[in-house]
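Undergrad: One structure, pasted below without further comment.
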Amino acid sequence: MYEINGIKVPFLPISNYDGEQVRNKSSAESFESIFQQELEKLKFSHHALKRLEERNISLSDDDMLKINTAVEKAEQKGAKDSLVMMNSTAFIVNIPNRTIITALPVESGNENVFTNIDSVVFA
């Protein structure tokens with residue numbers, strides 16, 4: 001137990017005697033870089049995860065890299081909702097949120113109509 005101003009506390013606060021809080025700069029910078037990296041990662045909506053499982057679509061690390069590159073290209077062009085085509089699979093991606101909304105295999109002979117997209121990117 002530590003005593004601060006006559007009060008016993010079970011922790012030692014991180015502060016200078018002049019009342020200023022001590023910040024671990026490398027820790028704060030580390031958090032910022034990790035946070036930024038997480039924001040830049042592609043995410044999957046619950047719906048997309050469900051569709052990937054139902055349709056037996058599996059993605060390798062190389063596939064994820066291709067999709068991520070396609071999303072970056074769409075982002076540079078100002079796209080909002082894109083159809084990303086990779087091999088025989090179509091992904092609808094919300095570009096500002098970097099979120100894959102759904103995924104489906106493109107089968108020859110079936111009519112596939114995609115609405116509410118503003119761009120198409122081939123990965």
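Chain labels follow the order of the structure tokens: the first chain is A, the next B, and so on; residue numbering restarts at 1 in every chain, and ligands are counted from 1 in their shown order.
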So which residues touch Val93 of chain A within 12 Å, counting only C-alpha atoms, skipping near sequence neighbours fewer than 3 positions away, as a PyMOL selection string?
TA: chain A and resi 42-45+48+67-68+70-72+74-75+79-85+90+96-103+114+116-121
Undergrad: At what distance in Å, to one decimal, does atom CA of Lys66 of chain A lie from atom CA of Ile34 of chain A?
TA: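 Between atom CA of Ile34 of chain A and atom CA of Lys66 of chain A the gap is 22.0 Å.
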Undergrad: Counting only C-alpha atoms, which residue out of A:Ile7, A:Arg51, A:Leu59, A:Lys41 sits closest to Ile95 of chain A?
TA: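 Using only C-alpha atoms, the shortest distance to Ile95 of chain A belongs to A:Lys41.
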Undergrad: So that I can check the surroundings of Thr89 of chain A, please list as a PyMOL selection string every protein, DNA and RNA residue that reaches within 10 Å of it, counting only C-alpha atoms and ignoring chain neighbours fewer than 5 positions away.
TA: chain A and resi 57+84+103-107
Undergrad: For atom CA of Ser60 of chain A and atom CA of Gly78 of chain A, quote the distance in Å rounded to one decimal.
TA: 27.0 Å
Undergrad: For the atom pair atom CA of Asp62 of chain A and atom CA of Ser30 of chain A, what is the interatomic distance in Å to one decimal place?
TA: 27.0 Å
Undergrad: Restricting the calculation to only C-alpha atoms, which member of A:Ala123, A:Leu49, A:Glu40, A:Ser33 is positioned closest to Asp63 of chain A?
TA: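 For Asp63 of chain A, the nearest of the candidates is A:Ala123.
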